[in-house]
$ cat start-v1.cif   # mmCIF, C-alpha atoms
data_my_file
loop_
_atom_site.label_atom_id
_atom_site.label_comp_id
_atom_site.auth_asym_id
_atom_site.auth_seq_id
_atom_site.Cartn_x
_atom_site.Cartn_y
_atom_site.Cartn_z
CA MET S 6 0.00 0.00 0.00
CA ARG S 7 1.37 3.39 -0.89
CA GLU S 8 2.05 5.86 1.90
CA GLU S 9 -0.74 8.26 0.89
CA GLN S 10 -3.27 5.39 0.76
CA PHE S 11 -2.19 4.24 4.21
CA GLU S 12 -2.49 7.76 5.62
CA ALA S 13 -5.93 8.25 4.02
CA ALA S 14 -7.15 4.97 5.52
CA ARG S 15 -5.73 5.92 8.90
CA GLN S 16 -7.44 9.33 8.81
CA ALA S 17 -10.74 7.68 7.88
CA GLU S 18 -10.42 5.33 10.87
CA ALA S 19 -9.57 8.23 13.16
CA GLY S 20 -12.62 10.13 11.93
CA TYR S 21 -14.88 7.14 12.46
CA HIS S 22 -13.64 6.58 16.02
CA SER S 23 -13.78 10.29 16.95
CA ASN S 24 -17.37 10.49 15.77
CA PHE S 25 -18.28 7.21 17.49
CA TYR S 26 -16.84 8.35 20.85
CA LYS S 27 -18.72 11.65 20.61
CA ASN S 28 -22.05 9.93 19.89
CA ASN S 29 -21.91 6.83 22.10
CA GLU S 30 -21.29 6.07 25.75
CA LEU S 31 -18.92 3.46 27.11
CA PHE S 32 -20.78 0.18 27.81
CA GLU S 33 -23.79 1.36 25.76
CA ASP S 34 -25.97 -1.57 24.70
CA GLY S 35 -25.93 -2.32 20.99
CA THR S 36 -22.44 -0.92 20.39
CA TRP S 37 -19.09 -2.65 20.11
CA MET S 38 -18.19 -0.85 23.36
CA SER S 39 -20.98 -2.56 25.31
CA ARG S 40 -18.53 -4.88 27.10
CA PRO S 41 -14.90 -5.91 27.03
CA MET S 42 -13.78 -8.87 24.98
CA PRO S 43 -14.11 -11.94 27.23
CA MET S 44 -10.60 -13.16 26.38
CA VAL S 45 -9.04 -10.02 27.81
CA MET S 46 -10.74 -10.49 31.15
CA GLU S 47 -10.09 -14.25 31.16
CA MET S 48 -6.37 -13.68 30.58
CA LEU S 49 -6.32 -11.10 33.38
CA GLU S 50 -7.86 -13.64 35.76
CA ARG S 51 -5.25 -16.23 34.78
CA LEU S 52 -2.50 -13.76 35.51
CA LEU S 53 -3.99 -12.80 38.87
CA VAL S 54 -3.55 -16.39 40.05
CA HIS S 55 0.20 -15.71 40.04
CA LYS S 56 0.47 -12.02 40.85
CA GLN S 57 -1.93 -9.61 42.58
CA GLU S 58 -0.38 -6.23 41.75
CA LEU S 59 0.02 -5.56 38.06
CA ARG S 60 1.22 -2.96 35.60
CA VAL S 61 -1.15 -3.13 32.66
CA LEU S 62 -0.86 -1.43 29.29
CA ASP S 63 -3.87 -1.05 26.99
CA LEU S 64 -2.72 0.03 23.52
CA GLY S 65 -5.36 1.72 21.39
CA CYS S 66 -7.52 1.92 24.51
CA GLY S 67 -10.17 4.22 23.11
CA VAL S 68 -12.39 5.52 25.90
CA GLY S 69 -11.75 2.46 28.06
CA ARG S 70 -13.65 -0.57 26.80
CA HIS S 71 -10.96 -2.76 28.35
CA THR S 72 -9.07 -0.26 30.51
CA ILE S 73 -12.01 0.46 32.81
CA PRO S 74 -13.02 -3.17 33.51
CA ILE S 75 -9.38 -4.12 34.08
CA ALA S 76 -8.99 -1.20 36.48
CA GLN S 77 -12.22 -2.14 38.26
CA ARG S 78 -10.89 -5.66 38.79
CA LEU S 79 -7.61 -4.26 40.14
CA ALA S 80 -9.08 -1.29 42.04
CA ASP S 81 -8.24 -2.59 45.52
CA THR S 82 -4.59 -3.34 44.70
CA ASN S 83 -1.52 -1.20 44.12
CA SER S 84 -1.81 -1.86 40.40
CA GLU S 85 -1.45 0.62 37.57
CA VAL S 86 -3.39 0.61 34.29
CA ILE S 87 -2.14 2.77 31.44
CA GLY S 88 -4.32 3.43 28.41
CA VAL S 89 -2.70 4.80 25.26
CA ASP S 90 -4.57 6.23 22.28
CA LEU S 91 -3.87 8.60 19.42
CA LEU S 92 -7.15 10.50 19.60
CA ASP S 93 -7.85 13.40 21.94
CA GLU S 94 -11.49 12.25 22.21
CA ALA S 95 -10.34 8.84 23.41
CA VAL S 96 -7.93 10.18 26.02
CA ASP S 97 -10.50 12.71 27.25
CA GLY S 98 -13.13 9.96 27.38
CA LEU S 99 -10.85 7.63 29.31
CA HIS S 100 -10.26 10.37 31.90
CA LYS S 101 -14.03 10.93 32.15
CA TYR S 102 -14.90 7.24 32.53
CA ALA S 103 -12.07 6.55 34.98
CA LYS S 104 -13.59 9.20 37.26
CA GLN S 105 -17.15 8.04 36.61
CA TYR S 106 -16.30 4.42 37.46
CA GLU S 107 -14.08 5.48 40.37
CA VAL S 108 -10.85 3.96 39.09
CA ASP S 109 -9.03 7.21 38.32
CA HIS S 110 -6.60 6.42 41.15
CA ILE S 111 -5.04 3.60 39.10
CA VAL S 112 -5.77 4.66 35.50
CA GLN S 113 -3.42 6.83 33.50
CA ALA S 114 -4.36 8.03 30.02
CA GLU S 115 -1.62 8.86 27.52
CA LYS S 116 -1.99 10.41 24.09
CA ALA S 117 0.45 8.69 21.77
CA ASP S 118 0.69 6.87 18.46
CA VAL S 119 0.89 3.20 19.43
CA GLU S 120 2.93 2.54 16.30
CA HIS S 121 5.79 4.45 17.93
CA TYR S 122 5.03 3.85 21.61
CA ARG S 123 8.16 2.66 23.40
CA ILE S 124 7.67 -0.28 25.71
CA GLN S 125 10.58 -1.00 28.00
CA PRO S 126 11.43 -4.68 28.56
CA LYS S 127 9.65 -6.14 31.61
CA ALA S 128 7.79 -2.86 32.23
CA PHE S 129 4.32 -4.45 32.08
CA ASP S 130 2.74 -7.64 33.33
CA PHE S 131 -0.16 -7.56 30.88
CA ILE S 132 -0.53 -5.79 27.53
CA ALA S 133 -3.83 -5.58 25.66
CA ALA S 134 -3.93 -4.35 22.07
CA CYS S 135 -7.44 -5.30 20.95
CA SER S 136 -8.44 -3.97 17.53
CA CYS S 137 -5.29 -1.88 17.53
CA LEU S 138 -2.48 -3.53 15.63
CA GLU S 139 -4.32 -3.61 12.31
CA HIS S 140 -4.33 0.21 12.38
CA THR S 141 -0.55 0.52 12.52
#
$ encode --input "start-v1.cif" --output "structure tokens"
Amino acid sequence: MREEQFEAARQAEAGYHSNFYKNNELFEDGTWMSRPMPMVMEMLERLLVHKQELRVLDLGCGVGRHTIPIAQRLADTNSEVIGVDLLDEAVDGLHKYAKQYEVDHIVQAEKADVEHYRIQPKAFDFIAACSCLEHT
């Protein structure tokens, strides 16, 4: 794919997601944000058998479809959940929902392009990147 085609596709995706976040609420019935993917939460539970305090990274987190439920599960621990997204609407939404769901004490929202996000070795116990990698 030529560079300009890739950039046009990426801009179209960004526009779709910006509009979707503006017009829909997190966990709204009938949307793809109505609940987290079961596998993400199942893998978290498997990890919690071995370790109770986690550093979690959610790449392409959007407004928190996975970040918020992960943080809710870890809310009573000294864990840290970092959500990274390229869109201002997503980062702003994650801040809003972290407060709304009372997990803002463990959730951090970062605006960054996940394609260039630097992950240090052994920095995280769990990394989610649902519906993210195909956009890079």
$ resolve_selection --input "start-v1.cif" --expression "the PyMOL selection byres ((chain S and resi 53-64) around 8)" --output "list in words"
Leu49, Glu50, Arg51, Leu52, Gly65, Cys66, His71, Thr72, Leu79, Thr82, Asn83, Ser84, Glu85, Val86, Ile87, Gly88, Val89, Asp90, Val119, Ala128, Phe129, Asp130, Phe131, Ile132, Ala133, Ala134, Cys135 and Cys137 of chain S
$ residues_around --input "start-v1.cif" --residues "Val108 of chain S" --least-positions-apart "3" --cutoff "8 Å" --atoms "only C-alpha atoms" --output "ChimeraX atom specification"
/S:73,76-77,80,103-105,111-112
$ closest_residue --input "start-v1.cif" --among "S:Leu92, S:Lys127, S:Asp34, S:Ser136" --to "Gly20 of chain S" --atoms "only C-alpha atoms"
S:Leu92
$ closest_residue --input "start-v1.cif" --among "S:Pro126, S:Gly69, S:Pro43, S:Gly35" --to "Leu99 of chain S" --atoms "only C-alpha atoms"
S:Gly69
$ closest_residue --input "start-v1.cif" --among "S:Glu30, S:Val45, S:Arg40, S:Ala117" --to "Lys101 of chain S" --atoms "only C-alpha atoms"
S:Glu30
$ closest_residue --input "start-v1.cif" --among "S:Leu31, S:Ala95, S:Met42, S:Ala114" --to "Gly67 of chain S" --atoms "all atoms listed in the file"
S:Ala95
$ atom_distance --input "start-v1.cif" --atom1 "atom CA of Tyr102 of chain S" --atom2 "atom CA of Val68 of chain S"
7.3 Å
$ atom_distance --input "start-v1.cif" --atom1 "atom CA of Trp37 of chain S" --atom2 "atom CA of Ala17 of chain S"
18.1 Å
$ atom_distance --input "start-v1.cif" --atom1 "atom CA of Glu94 of chain S" --atom2 "atom CA of Lys27 of chain S"
7.4 Å
$ axis_aligned_box --input "start-v1.cif" --around "segment 101-107 of chain S" --padding-each-side "3 Å" --output "AutoDock Vina command-line options"
--center_x -14.6 --center_y 7.7 --center_z 36.3 --size_x 11.1 --size_y 12.5 --size_z 14.2
$ closest_residue --input "start-v1.cif" --among "S:His100, S:His121, S:Arg70, S:Lys116" --to "Phe32 of chain S" --atoms "all atoms listed in the file"
S:Arg70
$ closest_residue --input "start-v1.cif" --among "S:Tyr122, S:Pro74, S:Glu115, S:Leu91" --to "Met46 of chain S" --atoms "only C-alpha atoms"
S:Pro74
$ decode --input "start-v1.cif" --residues "segment 79-92 of chain S" --atoms "all heavy atoms" --output "short mmCIF file (atom, residue, chain, number, x, y, z; two decimals), in the first residue's frame"
data_model
loop_
_atom_site.label_atom_id
_atom_site.label_comp_id
_atom_site.auth_asym_id
_atom_site.auth_seq_id
_atom_site.Cartn_x
_atom_site.Cartn_y
_atom_site.Cartn_z
N LEU S 79 -8.84 -4.48 39.39
CA LEU S 79 -7.61 -4.26 40.14
C LEU S 79 -7.71 -3.10 41.13
O LEU S 79 -6.72 -2.73 41.76
CB LEU S 79 -6.46 -3.98 39.17
CG LEU S 79 -6.15 -5.08 38.15
CD1 LEU S 79 -5.11 -4.60 37.15
CD2 LEU S 79 -5.69 -6.34 38.84
N ALA S 80 -8.89 -2.54 41.29
CA ALA S 80 -9.08 -1.29 42.04
C ALA S 80 -8.57 -1.35 43.47
O ALA S 80 -8.10 -0.34 44.00
CB ALA S 80 -10.54 -0.89 42.02
N ASP S 81 -8.65 -2.48 44.12
CA ASP S 81 -8.24 -2.59 45.52
C ASP S 81 -6.80 -3.07 45.68
O ASP S 81 -6.43 -3.57 46.75
CB ASP S 81 -9.19 -3.53 46.27
CG ASP S 81 -10.59 -2.94 46.34
OD1 ASP S 81 -10.73 -1.70 46.36
OD2 ASP S 81 -11.55 -3.73 46.36
N THR S 82 -6.00 -2.93 44.64
CA THR S 82 -4.59 -3.34 44.70
C THR S 82 -3.73 -2.11 44.42
O THR S 82 -4.24 -1.03 44.14
CB THR S 82 -4.29 -4.42 43.64
OG1 THR S 82 -4.36 -3.84 42.33
CG2 THR S 82 -5.27 -5.60 43.74
N ASN S 83 -2.45 -2.28 44.47
CA ASN S 83 -1.52 -1.20 44.12
C ASN S 83 -1.12 -1.29 42.65
O ASN S 83 0.01 -1.00 42.29
CB ASN S 83 -0.27 -1.26 45.01
CG ASN S 83 -0.57 -0.80 46.41
OD1 ASN S 83 -1.35 0.12 46.61
ND2 ASN S 83 0.02 -1.46 47.38
N SER S 84 -2.06 -1.70 41.82
CA SER S 84 -1.81 -1.86 40.40
C SER S 84 -1.86 -0.53 39.68
O SER S 84 -2.32 0.48 40.22
CB SER S 84 -2.83 -2.82 39.79
OG SER S 84 -2.71 -4.11 40.35
N GLU S 85 -1.44 -0.57 38.43
CA GLU S 85 -1.45 0.62 37.57
C GLU S 85 -1.92 0.17 36.19
O GLU S 85 -1.46 -0.84 35.67
CB GLU S 85 -0.04 1.20 37.48
CG GLU S 85 0.09 2.42 36.62
CD GLU S 85 1.52 2.94 36.59
OE1 GLU S 85 2.47 2.18 36.84
OE2 GLU S 85 1.67 4.12 36.28
N VAL S 86 -2.87 0.92 35.61
CA VAL S 86 -3.39 0.61 34.29
C VAL S 86 -3.19 1.83 33.41
O VAL S 86 -3.70 2.91 33.72
CB VAL S 86 -4.89 0.22 34.35
CG1 VAL S 86 -5.38 -0.19 32.96
CG2 VAL S 86 -5.12 -0.90 35.35
N ILE S 87 -2.44 1.66 32.34
CA ILE S 87 -2.14 2.77 31.44
C ILE S 87 -2.83 2.53 30.11
O ILE S 87 -2.65 1.49 29.48
CB ILE S 87 -0.61 2.91 31.22
CG1 ILE S 87 0.08 3.19 32.55
CG2 ILE S 87 -0.31 4.00 30.20
CD1 ILE S 87 1.58 3.08 32.51
N GLY S 88 -3.65 3.49 29.70
CA GLY S 88 -4.32 3.43 28.41
C GLY S 88 -3.67 4.42 27.46
O GLY S 88 -3.45 5.57 27.82
N VAL S 89 -3.37 3.95 26.26
CA VAL S 89 -2.70 4.80 25.26
C VAL S 89 -3.57 4.85 24.00
O VAL S 89 -4.00 3.81 23.50
CB VAL S 89 -1.32 4.22 24.90
CG1 VAL S 89 -0.65 5.05 23.82
CG2 VAL S 89 -0.44 4.12 26.14
N ASP S 90 -3.81 6.06 23.52
CA ASP S 90 -4.57 6.23 22.28
C ASP S 90 -4.10 7.48 21.57
O ASP S 90 -3.62 8.43 22.20
CB ASP S 90 -6.07 6.30 22.56
CG ASP S 90 -6.88 5.89 21.34
OD1 ASP S 90 -7.01 6.69 20.39
OD2 ASP S 90 -7.37 4.74 21.35
N LEU S 91 -4.28 7.50 20.27
CA LEU S 91 -3.87 8.60 19.42
C LEU S 91 -4.85 9.77 19.45
O LEU S 91 -4.47 10.92 19.25
CB LEU S 91 -3.74 8.09 17.97
CG LEU S 91 -3.35 9.07 16.89
CD1 LEU S 91 -1.94 9.61 17.13
CD2 LEU S 91 -3.42 8.39 15.52
N LEU S 92 -6.10 9.49 19.72
CA LEU S 92 -7.15 10.50 19.60
C LEU S 92 -7.40 11.26 20.90
O LEU S 92 -7.53 10.65 21.96
CB LEU S 92 -8.46 9.85 19.16
CG LEU S 92 -8.42 9.10 17.83
CD1 LEU S 92 -9.75 8.42 17.57
CD2 LEU S 92 -8.06 10.04 16.70
#
